[in-house]
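Novice: Provided herewith: start07.pdb, PDB, C-alpha atoms.
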```
ATOM      1  CA  MET A1122      17.085  34.035  15.377
ATOM      2  CA  LEU A1123      14.951  31.430  17.134
ATOM      3  CA  TRP A1124      11.994  29.903  15.405
ATOM      4  CA  THR A1125       8.573  31.010  16.506
ATOM      5  CA  PRO A1126       5.398  28.907  16.266
ATOM      6  CA  PRO A1127       4.328  30.560  12.981
ATOM      7  CA  HIS A1128       7.595  29.461  11.365
ATOM      8  CA  VAL A1129       7.109  25.933  12.632
ATOM      9  CA  GLY A1130       3.556  25.941  11.309
ATOM     10  CA  GLU A1131       4.745  27.147   7.915
ATOM     11  CA  LEU A1132       7.407  24.441   7.728
ATOM     12  CA  ARG A1133       4.865  21.805   8.748
ATOM     13  CA  ALA A1134       2.416  22.943   6.061
ATOM     14  CA  ARG A1135       5.087  22.970   3.347
ATOM     15  CA  ALA A1136       6.324  19.501   4.279
ATOM     16  CA  GLY A1137       2.790  18.128   4.366
ATOM     17  CA  GLU A1138       1.908  19.580   0.984
ATOM     18  CA  ALA A1139       5.107  18.225  -0.568
ATOM     19  CA  LEU A1140       4.430  14.725   0.746
ATOM     20  CA  LEU A1141       0.786  14.835  -0.288
ATOM     21  CA  HIS A1142       1.691  15.875  -3.845
ATOM     22  CA  ARG A1143       4.313  13.127  -4.068
ATOM     23  CA  VAL A1144       1.894  10.435  -2.952
ATOM     24  CA  ALA A1145      -1.312  11.573  -4.648
ATOM     25  CA  GLY A1146      -0.189  13.770  -7.554
ATOM     26  CA  PRO A1147      -0.436  17.455  -8.486
ATOM     27  CA  THR A1148      -4.251  17.448  -8.549
ATOM     28  CA  VAL A1149      -4.549  15.923  -5.085
ATOM     29  CA  HIS A1150      -6.765  18.669  -3.657
ATOM     30  CA  GLN A1151      -9.215  18.461  -6.550
ATOM     31  CA  LYS A1152      -9.380  14.687  -6.171
ATOM     32  CA  ARG A1153      -9.825  14.950  -2.414
ATOM     33  CA  ALA A1154     -12.626  17.469  -2.791
ATOM     34  CA  ARG A1155     -14.403  15.245  -5.324
ATOM     35  CA  PHE A1156     -14.023  11.922  -3.555
ATOM     36  CA  HIS A1157     -14.953  13.276  -0.127
ATOM     37  CA  GLY A1158     -17.431  15.978  -1.098
ATOM     38  CA  ALA A1159     -19.332  14.993  -4.238
ATOM     39  CA  PRO A1160     -22.948  14.060  -3.506
ATOM     40  CA  GLY A1161     -24.167  10.563  -4.279
ATOM     41  CA  PRO A1162     -24.279   7.013  -2.928
ATOM     42  CA  ARG A1163     -21.023   5.354  -1.950
ATOM     43  CA  TRP A1164     -19.831   1.783  -1.610
ATOM     44  CA  PHE A1165     -18.844   2.405   2.015
ATOM     45  CA  GLY A1166     -20.497   4.577   4.616
ATOM     46  CA  PRO A1167     -18.524   6.678   7.112
ATOM     47  CA  GLU A1168     -18.894   3.969   9.772
ATOM     48  CA  ARG A1169     -17.152   1.243   7.754
ATOM     49  CA  PRO A1170     -13.745  -0.068   8.909
ATOM     50  CA  VAL A1171     -12.194   0.409   5.464
ATOM     51  CA  ARG A1172     -12.519   4.161   5.938
ATOM     52  CA  VAL A1173     -10.784   4.029   9.307
ATOM     53  CA  VAL A1174      -7.841   2.054   7.917
ATOM     54  CA  HIS A1175      -7.408   3.948   4.655
ATOM     55  CA  THR A1176      -7.549   7.346   6.348
ATOM     56  CA  ASP A1177      -4.636   6.563   8.675
ATOM     57  CA  VAL A1178      -1.027   7.201   7.684
ATOM     58  CA  ALA A1179      -0.106   3.714   8.921
ATOM     59  CA  MET A1180      -0.929   2.858   5.294
ATOM     60  CA  TYR A1181       2.588   4.031   4.404
ATOM     61  CA  VAL A1182       4.017   1.121   6.360
ATOM     62  CA  GLY A1183       1.400  -1.322   5.108
ATOM     63  CA  GLY A1184       1.819  -0.341   1.478
ATOM     64  CA  LEU A1185       5.556  -0.913   1.514
ATOM     65  CA  ALA A1186       5.137  -4.238   3.341
ATOM     66  CA  ALA A1187       2.567  -5.310   0.744
ATOM     67  CA  LEU A1188       4.948  -4.598  -2.139
ATOM     68  CA  LEU A1189       7.665  -6.681  -0.511
ATOM     69  CA  LEU A1190       5.311  -9.574   0.206
ATOM     70  CA  GLN A1191       3.764  -9.501  -3.274
ATOM     71  CA  SER A1192       7.221  -9.593  -4.854
ATOM     72  CA  LEU A1193       7.795 -13.138  -3.578
ATOM     73  CA  HIS A1194       5.254 -14.641  -5.952
ATOM     74  CA  PRO A1195       7.424 -15.323  -9.034
ATOM     75  CA  VAL A1196       4.641 -15.032 -11.612
ATOM     76  CA  ALA A1197       3.084 -11.891 -10.151
ATOM     77  CA  MET A1198       6.514 -10.282  -9.758
ATOM     78  CA  ALA A1199       7.473 -11.083 -13.348
ATOM     79  CA  ALA A1200       4.373  -9.211 -14.514
ATOM     80  CA  VAL A1201       5.172  -6.241 -12.259
ATOM     81  CA  ALA A1202       8.794  -6.101 -13.412
ATOM     82  CA  ALA A1203       7.808  -6.195 -17.080
ATOM     83  CA  HIS A1204       4.799  -3.894 -17.094
ATOM     84  CA  SER A1205       4.321  -1.746 -13.987
ATOM     85  CA  GLY A1206       7.101   0.837 -14.343
ATOM     86  CA  PHE A1207       7.759   0.750 -10.607
ATOM     87  CA  GLU A1208      11.379   1.828 -11.215
ATOM     88  CA  SER A1209      10.953   4.061 -14.268
ATOM     89  CA  ASP A1210       7.915   5.880 -12.805
ATOM     90  CA  PRO A1211       7.653   5.007  -9.088
ATOM     91  CA  TRP A1212       5.776   8.131  -8.057
ATOM     92  CA  GLY A1213       3.329   7.789 -10.912
ATOM     93  CA  ARG A1214       2.582   4.212  -9.895
ATOM     94  CA  LEU A1215       2.112   5.257  -6.265
ATOM     95  CA  GLN A1216      -0.176   8.104  -7.285
ATOM     96  CA  ARG A1217      -2.329   5.804  -9.412
ATOM     97  CA  THR A1218      -2.611   3.328  -6.549
ATOM     98  CA  SER A1219      -3.488   5.992  -3.982
ATOM     99  CA  THR A1220      -6.086   7.458  -6.349
ATOM    100  CA  PHE A1221      -7.680   4.027  -6.817
ATOM    101  CA  LEU A1222      -7.846   3.460  -3.049
ATOM    102  CA  ALA A1223      -9.311   6.925  -2.467
ATOM    103  CA  ALA A1224     -11.900   6.551  -5.236
ATOM    104  CA  THR A1225     -13.135   3.142  -4.092
ATOM    105  CA  THR A1226     -13.033   3.944  -0.361
ATOM    106  CA  PHE A1227     -14.383   7.502  -0.252
ATOM    107  CA  GLY A1228     -15.693   8.371  -3.712
ATOM    108  CA  THR A1229     -19.192   8.058  -5.063
ATOM    109  CA  ALA A1230     -20.267   4.716  -6.482
ATOM    110  CA  GLN A1231     -19.849   6.206  -9.944
ATOM    111  CA  ASP A1232     -16.253   7.271  -9.270
ATOM    112  CA  ALA A1233     -15.473   3.891  -7.704
ATOM    113  CA  GLU A1234     -16.881   2.009 -10.678
ATOM    114  CA  ARG A1235     -14.840   4.142 -13.082
ATOM    115  CA  ALA A1236     -11.681   3.440 -11.084
ATOM    116  CA  VAL A1237     -12.300  -0.312 -11.186
ATOM    117  CA  LEU A1238     -13.017  -0.214 -14.910
ATOM    118  CA  ARG A1239      -9.722   1.592 -15.575
ATOM    119  CA  VAL A1240      -7.767  -1.020 -13.618
ATOM    120  CA  ARG A1241      -9.531  -3.906 -15.357
ATOM    121  CA  ARG A1242      -8.724  -2.406 -18.768
ATOM    122  CA  VAL A1243      -5.055  -2.178 -17.804
ATOM    123  CA  HIS A1244      -5.083  -5.758 -16.519
ATOM    124  CA  ASP A1245      -6.610  -7.002 -19.766
ATOM    125  CA  SER A1246      -3.622  -5.650 -21.698
ATOM    126  CA  VAL A1247      -0.911  -7.101 -19.428
ATOM    127  CA  ARG A1248       0.280 -10.547 -20.409
ATOM    128  CA  GLY A1249       3.559 -12.279 -21.106
ATOM    129  CA  ARG A1250       5.904 -14.989 -19.816
ATOM    130  CA  THR A1251       8.173 -15.254 -16.815
ATOM    131  CA  PRO A1252      11.943 -15.766 -17.375
ATOM    132  CA  GLU A1253      11.227 -19.491 -16.869
ATOM    133  CA  GLY A1254       8.630 -19.415 -19.652
ATOM    134  CA  VAL A1255       5.488 -19.549 -17.519
ATOM    135  CA  PRO A1256       2.662 -17.599 -19.213
ATOM    136  CA  TYR A1257       0.786 -14.987 -17.202
ATOM    137  CA  ARG A1258      -1.976 -12.426 -17.567
ATOM    138  CA  ALA A1259      -2.749  -9.729 -15.023
ATOM    139  CA  SER A1260      -6.473 -10.492 -15.203
ATOM    140  CA  ASP A1261      -5.905 -14.066 -13.969
ATOM    141  CA  PRO A1262      -8.209 -14.418 -10.910
ATOM    142  CA  TYR A1263      -5.577 -16.511  -9.131
ATOM    143  CA  LEU A1264      -2.923 -13.777  -9.386
ATOM    144  CA  LEU A1265      -5.469 -11.093  -8.538
ATOM    145  CA  ALA A1266      -6.413 -13.063  -5.420
ATOM    146  CA  TRP A1267      -2.774 -13.146  -4.325
ATOM    147  CA  VAL A1268      -2.257  -9.413  -4.782
ATOM    148  CA  HIS A1269      -5.517  -8.689  -2.976
ATOM    149  CA  ALA A1270      -4.779 -10.987  -0.023
ATOM    150  CA  ALA A1271      -1.250  -9.639   0.408
ATOM    151  CA  GLU A1272      -2.258  -5.994   0.422
ATOM    152  CA  THR A1273      -5.307  -6.538   2.636
ATOM    153  CA  ALA A1274      -3.229  -8.419   5.201
ATOM    154  CA  CYS A1275      -0.442  -5.819   5.207
ATOM    155  CA  PHE A1276      -2.763  -2.802   5.364
ATOM    156  CA  LEU A1277      -4.621  -4.329   8.296
ATOM    157  CA  ARG A1278      -1.495  -5.492  10.132
ATOM    158  CA  ALA A1279       0.082  -2.041   9.785
ATOM    159  CA  HIS A1280      -3.051  -0.370  11.079
ATOM    160  CA  GLN A1281      -3.244  -2.649  14.093
ATOM    161  CA  ARG A1282       0.353  -1.822  14.988
ATOM    162  CA  TYR A1283       0.742   1.819  13.944
ATOM    163  CA  GLY A1284      -2.783   3.144  13.434
ATOM    164  CA  ARG A1285      -4.265   5.759  15.706
ATOM    165  CA  HIS A1286      -7.397   3.663  16.336
ATOM    166  CA  PRO A1287      -6.685  -0.090  16.035
ATOM    167  CA  LEU A1288      -9.729  -2.201  15.162
ATOM    168  CA  ASP A1289     -11.371  -4.691  17.487
ATOM    169  CA  PRO A1290     -11.742  -8.262  16.121
ATOM    170  CA  ARG A1291     -15.230  -7.635  14.729
ATOM    171  CA  ALA A1292     -14.143  -4.462  12.943
ATOM    172  CA  ALA A1293     -11.024  -6.232  11.623
ATOM    173  CA  ASP A1294     -13.298  -8.843  10.045
ATOM    174  CA  GLY A1295     -15.363  -5.959   8.692
ATOM    175  CA  TYR A1296     -12.280  -4.469   7.041
ATOM    176  CA  VAL A1297     -11.507  -7.764   5.290
ATOM    177  CA  ALA A1298     -15.149  -7.943   4.152
ATOM    178  CA  ASP A1299     -15.024  -4.351   2.859
ATOM    179  CA  MET A1300     -11.887  -5.081   0.863
ATOM    180  CA  ALA A1301     -13.547  -8.208  -0.534
ATOM    181  CA  GLN A1302     -16.271  -6.037  -2.090
ATOM    182  CA  VAL A1303     -13.673  -4.181  -4.152
ATOM    183  CA  ALA A1304     -11.774  -7.381  -4.950
ATOM    184  CA  ARG A1305     -14.848  -9.038  -6.475
ATOM    185  CA  ARG A1306     -15.333  -6.101  -8.800
ATOM    186  CA  LEU A1307     -11.698  -6.413  -9.903
ATOM    187  CA  GLY A1308     -12.190 -10.078 -10.788
ATOM    188  CA  VAL A1309     -11.153 -11.932  -7.630
ATOM    189  CA  VAL A1310     -13.202 -15.082  -7.120
ATOM    190  CA  ASP A1311     -14.449 -15.785  -3.588
ATOM    191  CA  PRO A1312     -12.182 -13.357  -1.673
ATOM    192  CA  PRO A1313     -11.940 -13.973   2.095
ATOM    193  CA  GLU A1314     -14.274 -11.969   4.323
ATOM    194  CA  THR A1315     -12.749 -12.619   7.763
ATOM    195  CA  THR A1316      -9.266 -12.378   9.215
ATOM    196  CA  ALA A1317      -9.239 -16.152   9.664
ATOM    197  CA  GLY A1318     -10.178 -16.646   6.027
ATOM    198  CA  LEU A1319      -7.516 -14.150   4.974
ATOM    199  CA  ALA A1320      -4.815 -16.017   6.919
ATOM    200  CA  ALA A1321      -5.935 -19.296   5.353
ATOM    201  CA  ARG A1322      -5.833 -17.781   1.861
ATOM    202  CA  LEU A1323      -2.300 -16.497   2.344
ATOM    203  CA  ALA A1324      -1.214 -19.910   3.630
ATOM    204  CA  GLU A1325      -2.412 -21.470   0.362
ATOM    205  CA  TYR A1326       0.148 -19.394  -1.559
ATOM    206  CA  ARG A1327       3.043 -19.958   0.830
ATOM    207  CA  PRO A1328       4.560 -22.981  -1.012
ATOM    208  CA  GLU A1329       4.793 -20.884  -4.206
ATOM    209  CA  LEU A1330       6.643 -17.948  -2.685
ATOM    210  CA  ARG A1331      10.365 -17.579  -3.261
ATOM    211  CA  ALA A1332      13.029 -15.037  -4.062
ATOM    212  CA  THR A1333      13.780 -14.388  -7.718
ATOM    213  CA  ALA A1334      16.064 -11.997  -9.538
ATOM    214  CA  GLU A1335      13.075  -9.681  -9.973
ATOM    215  CA  SER A1336      12.098  -9.808  -6.295
ATOM    216  CA  ARG A1337      15.692  -9.159  -5.206
ATOM    217  CA  ALA A1338      15.891  -6.161  -7.520
ATOM    218  CA  ALA A1339      12.598  -4.861  -6.140
ATOM    219  CA  ALA A1340      13.779  -5.244  -2.535
ATOM    220  CA  ARG A1341      17.060  -3.449  -3.284
ATOM    221  CA  TYR A1342      15.200  -0.633  -5.003
ATOM    222  CA  LEU A1343      12.542  -0.225  -2.306
ATOM    223  CA  LEU A1344      14.860  -0.600   0.676
ATOM    224  CA  SER A1345      18.259   0.728  -0.467
ATOM    225  CA  HIS A1346      17.662   3.036  -3.439
ATOM    226  CA  PRO A1347      14.297   4.787  -2.985
ATOM    227  CA  PRO A1348      13.614   7.760  -5.278
ATOM    228  CA  LEU A1349      13.970  10.274  -2.465
ATOM    229  CA  PRO A1350      16.212  13.264  -1.691
ATOM    230  CA  TRP A1351      18.967  12.560   0.817
ATOM    231  CA  PRO A1352      17.332  14.428   3.762
ATOM    232  CA  ALA A1353      14.369  12.031   3.547
ATOM    233  CA  ARG A1354      16.478   8.862   3.405
ATOM    234  CA  LEU A1355      16.935   8.414   7.175
ATOM    235  CA  PRO A1356      13.242   8.573   8.149
ATOM    236  CA  TYR A1357      12.463   6.395   5.131
ATOM    237  CA  ALA A1358      15.026   3.834   6.339
ATOM    238  CA  PHE A1359      13.107   3.485   9.608
ATOM    239  CA  LEU A1360       9.801   3.320   7.724
ATOM    240  CA  ALA A1361      11.246   0.565   5.522
ATOM    241  CA  ALA A1362      12.543  -1.341   8.552
ATOM    242  CA  ALA A1363       9.084  -1.072  10.126
ATOM    243  CA  ALA A1364       7.531  -2.498   6.954
ATOM    244  CA  VAL A1365       9.977  -5.419   6.896
ATOM    245  CA  GLU A1366       9.511  -6.126  10.609
ATOM    246  CA  LEU A1367       5.743  -6.146  10.041
ATOM    247  CA  LEU A1368       6.089  -9.243   7.857
ATOM    248  CA  PRO A1369       6.119 -12.760   9.366
ATOM    249  CA  PRO A1370       9.610 -14.204  10.009
ATOM    250  CA  TRP A1371       9.259 -16.790   7.232
ATOM    251  CA  VAL A1372       8.592 -13.977   4.743
ATOM    252  CA  ARG A1373      11.582 -11.957   5.945
ATOM    253  CA  ALA A1374      13.755 -15.048   5.567
ATOM    254  CA  ARG A1375      12.869 -15.250   1.859
ATOM    255  CA  LEU A1376      13.596 -11.587   1.159
ATOM    256  CA  ASP A1377      17.082 -10.489   0.160
ATOM    257  CA  LEU A1378      17.332  -7.767   2.800
ATOM    258  CA  PRO A1379      20.091  -5.144   2.585
ATOM    259  CA  TYR A1380      22.514  -5.078   5.508
ATOM    260  CA  ALA A1381      21.368  -1.601   6.600
ATOM    261  CA  THR A1382      17.751  -2.743   6.846
ATOM    262  CA  ARG A1383      18.700  -5.816   8.878
ATOM    263  CA  LEU A1384      20.752  -3.585  11.155
ATOM    264  CA  LEU A1385      17.721  -1.387  11.855
ATOM    265  CA  LEU A1386      15.264  -4.218  12.573
ATOM    266  CA  PRO A1387      15.754  -4.114  16.389
ATOM    267  CA  LEU A1388      14.700  -0.435  16.235
ATOM    268  CA  ALA A1389      11.948  -0.975  13.682
ATOM    269  CA  ARG A1390       8.959  -0.578  15.989
ATOM    270  CA  PRO A1391      10.024   2.565  17.878
ATOM    271  CA  GLY A1392      11.395   4.006  14.643
ATOM    272  CA  GLY A1393       8.198   3.147  12.814
ATOM    273  CA  HIS A1394       6.043   4.771  15.492
ATOM    274  CA  ALA A1395       8.206   7.911  15.379
ATOM    275  CA  VAL A1396       8.065   8.234  11.581
ATOM    276  CA  VAL A1397       4.320   7.510  11.429
ATOM    277  CA  ALA A1398       3.726  10.123  14.129
ATOM    278  CA  ALA A1399       5.786  12.648  12.158
ATOM    279  CA  ILE A1400       3.855  11.954   8.950
ATOM    280  CA  ARG A1401       0.574  12.200  10.852
ATOM    281  CA  TRP A1402       1.674  15.574  12.242
ATOM    282  CA  ILE A1403       2.574  17.134   8.890
ATOM    283  CA  MET A1404      -0.108  15.554   6.680
ATOM    284  CA  PRO A1405      -3.069  17.853   5.883
ATOM    285  CA  ALA A1406      -6.368  16.407   7.053
ATOM    286  CA  ALA A1407      -8.759  15.066   4.443
ATOM    287  CA  PRO A1408     -11.999  17.009   3.863
ATOM    288  CA  ARG A1409     -14.867  15.917   6.075
TER     289      ARG A1409
END
```
Turn the structure described in the file into structure tokens.

Specialist:
Amino acid sequence: MLWTPPHVGELRARAGEALLHRVAGPTVHQKRARFHGAPGPRWFGPERPVRVVHTDVAMYVGGLAALLLQSLHPVAMAAVAAHSGFESDPWGRLQRTSTFLAATTFGTAQDAERAVLRVRRVHDSVRGRTPEGVPYRASDPYLLAWVHAAETACFLRAHQRYGRHPLDPRAADGYVADMAQVARRLGVVDPPETTAGLAARLAEYRPELRATAESRAAARYLLSHPPLPWPARLPYAFLAAAAVELLPPWVRARLDLPYATRLLLPLARPGGHAVVAAIRWIMPAAPR
């Protein structure tokens, strides 16, 4: 029996709900209703670029690229490997991150402040030493600045390549400035507020970036052994290749890329556009 449009619509809805619950958790609809619908002042109005970027599913590419880039800082990666649970609880970590982004981007000022306070409390408890004996603490403004710059750059770069409505140069600067507002509240000192300033900040960290055992393990896990059922592995492989291709060549050269990912790099852009379009098609729209 051939499928009819109602069957296709049902399949689309089921796939979208499954993905949404994976990314944002079992209470996603309650959180969405609160962050988008609760009355009260917000950090960002509906016209702000941060809302445009964080609403678009190009964030899937940008988020994965950010994790790979962040992993190249040996001190930051040592802290992630020891404390984040990215392998033992990958979906939980993703859900906490997506909730933080939703609360600070769309939620009321009260919800956003609570989200920042929760993250700062976690950061205050994370400290230790790298395998080389270098001490670290997650609340260190220097490490926070690195994490912030890497994710801001990757989110924006992914949006400009795969987003439905790429930003003009003024709006791109506005996005960096919006992200800086959140970064200051997390403890980042003097975060960049323009794309030029963001590029300069990333360049300051470049001499420190290198592959480590922890970064190699993270790349293998994210690119070769994602916690996904087999039917989802092929589209994820193209999404992962798109995330890797998004990174500058000098970053890719320092990553220990699996052979399959390197093989897909020539197809990364068309594959990335196809997967992003598919996610956009199945993903339920956020409340207005």

Novice: List the residues matched by the PyMOL selection byres ((chain A and resi 1379-1383) around 7) in the displayed structure as a list in words, ordered by chain and then by residue number.

Specialist: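 After applying the PyMOL selection byres ((chain A and resi 1379-1383) around 7), what remains is Arg1341, Ser1345, Ala1362, Asp1377, Leu1378, Leu1384, Leu1385 and Leu1386 of chain A.
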
Novice: What does the PyMOL selection byres ((chain A and resi 1267-1281) around 6) select in this file, as an MDAnalysis selection string?

Specialist: chainID A and resid 1179:1180 1183 1187 1264:1266 1282:1284 1287

Novice: Please provide the set of residues having any atom within 9 Å of Gly1249 (chain A), restricted to only C-alpha atoms, with same-chain residues fewer than 4 positions apart removed, written as a ChimeraX atom specification.

Specialist: /A:1199-1200,1203,1254-1258

Novice: For Ala1358 (chain A), which of A:Pro1290, A:Gly1393, A:Ala1223, A:Glu1253 is the closest residue, counting only C-alpha atoms?

Specialist: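 Of all the options, A:Gly1393 lies closest to Ala1358 (chain A).
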
Novice: So how far away is CA of Ile1400 (chain A) from CA of Arg1133 (chain A), in Å?

Specialist: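 It comes out at 9.9 Å.
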
Novice: Just checking: using only C-alpha atoms, which residue out of A:Ala1159, A:Leu1190, A:Val1237, A:Ala1320 ends up closest to Glu1366 (chain A)?

Specialist: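 Answer, going by the shortest atom-to-atom distance: A:Leu1190.
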
Novice: For Asp1177 (chain A), which of A:Arg1155, A:His1286, A:Ser1192, A:Ala1321 is the closest residue, counting all atoms listed in the file?

Specialist: A:His1286

Novice: Apply the PyMOL selection byres ((chain A and resi 1247) around 6) to the structure shown and report the selected residues as a CSV table (one decimal) with C-alpha atoms, in the frame of the given file.

Specialist:
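Result went into result23.csv, see below:
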```
chain,number,residue,atom,x,y,z
A,1244,HIS,CA,-5.1,-5.8,-16.5
A,1245,ASP,CA,-6.6,-7.0,-19.8
A,1246,SER,CA,-3.6,-5.6,-21.7
A,1248,ARG,CA,0.3,-10.5,-20.4
A,1258,ARG,CA,-2.0,-12.4,-17.6
A,1259,ALA,CA,-2.7,-9.7,-15.0
```

Novice: What's around region 1145-1148 of chain A at 7 Å? Count all atoms listed in the file, leave out sequence neighbours fewer than 6 positions away in its own chain, and write the answer as a compact mmCIF listing (two decimals) with C-alpha atoms, keeping the file's coordinate frame.

Specialist:
```txt
# COMPACT_ATOMS: atom_id res chain seq x y z
CA GLN A 1216 -0.18 8.10 -7.28
CA SER A 1219 -3.49 5.99 -3.98
CA THR A 1220 -6.09 7.46 -6.35
```

Novice: For Gly1213 (chain A), which residue out of A:Trp1402, A:Val1144, A:Gly1228, A:Arg1354 is the nearest one, using only C-alpha atoms?

Specialist: A:Val1144

Novice: Return the padded bounding box of region 1268-1271 of chain A as JSON: axis-aligned, built from all atoms listed in the file, 8 Å added on each side, with centre and edge lengths in Å to one decimal.

Specialist:
```
{"center_x": -3.4, "center_y": -9.8, "center_z": -2.2, "size_x": 20.3, "size_y": 18.3, "size_z": 21.2}
```

Novice: Between CA of Pro1356 (chain A) and CA of Ala1395 (chain A), what is the distance, to one decimal in Å?

Specialist: 8.8 Å

Novice: Near Gly1318 (chain A), counting all atoms listed in the file, which residues have an atom at most 12 Å away, once you skip same-chain residues fewer than 3 positions from it, shown as a list in words?

Specialist: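 After dropping sequence-adjacent residues, the list is Ala1270, Thr1273, Ala1274, Ala1293, Asp1294, Val1297, Ala1298, Ala1301, Asp1311, Pro1312, Pro1313, Glu1314, Thr1315, Ala1321, Arg1322, Leu1323, Ala1324 and Glu1325 of chain A.
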
Novice: At what distance in Å, to one decimal, does CA of Ala1139 (chain A) lie from CA of Met1404 (chain A)?

Specialist: 9.3 Å

Novice: Quick one: everything within 9 Å of Val1173 (chain A), counting all atoms listed in the file, minus sequence neighbours fewer than 2 positions away in the same chain. Send it as a list in words.

Specialist: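 Close residues of Val1173 (chain A): Pro1167, Glu1168, Arg1169, Pro1170, Val1171, His1175, Thr1176, Asp1177, His1286, Pro1287, Leu1288 and Tyr1296 of chain A.
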
Novice: Select, from A:Arg1172, A:Ala1363, A:Lys1152, A:Leu1307, the residue with the minimum atom-to-atom distance to Ala1292 (chain A), counting only C-alpha atoms.

Specialist: A:Arg1172

Novice: Rank nothing, just name the residue among A:Leu1376, A:Val1240, A:Leu1368, A:Arg1305 nearest to Ala1389 (chain A), using only C-alpha atoms.

Specialist: A:Leu1368
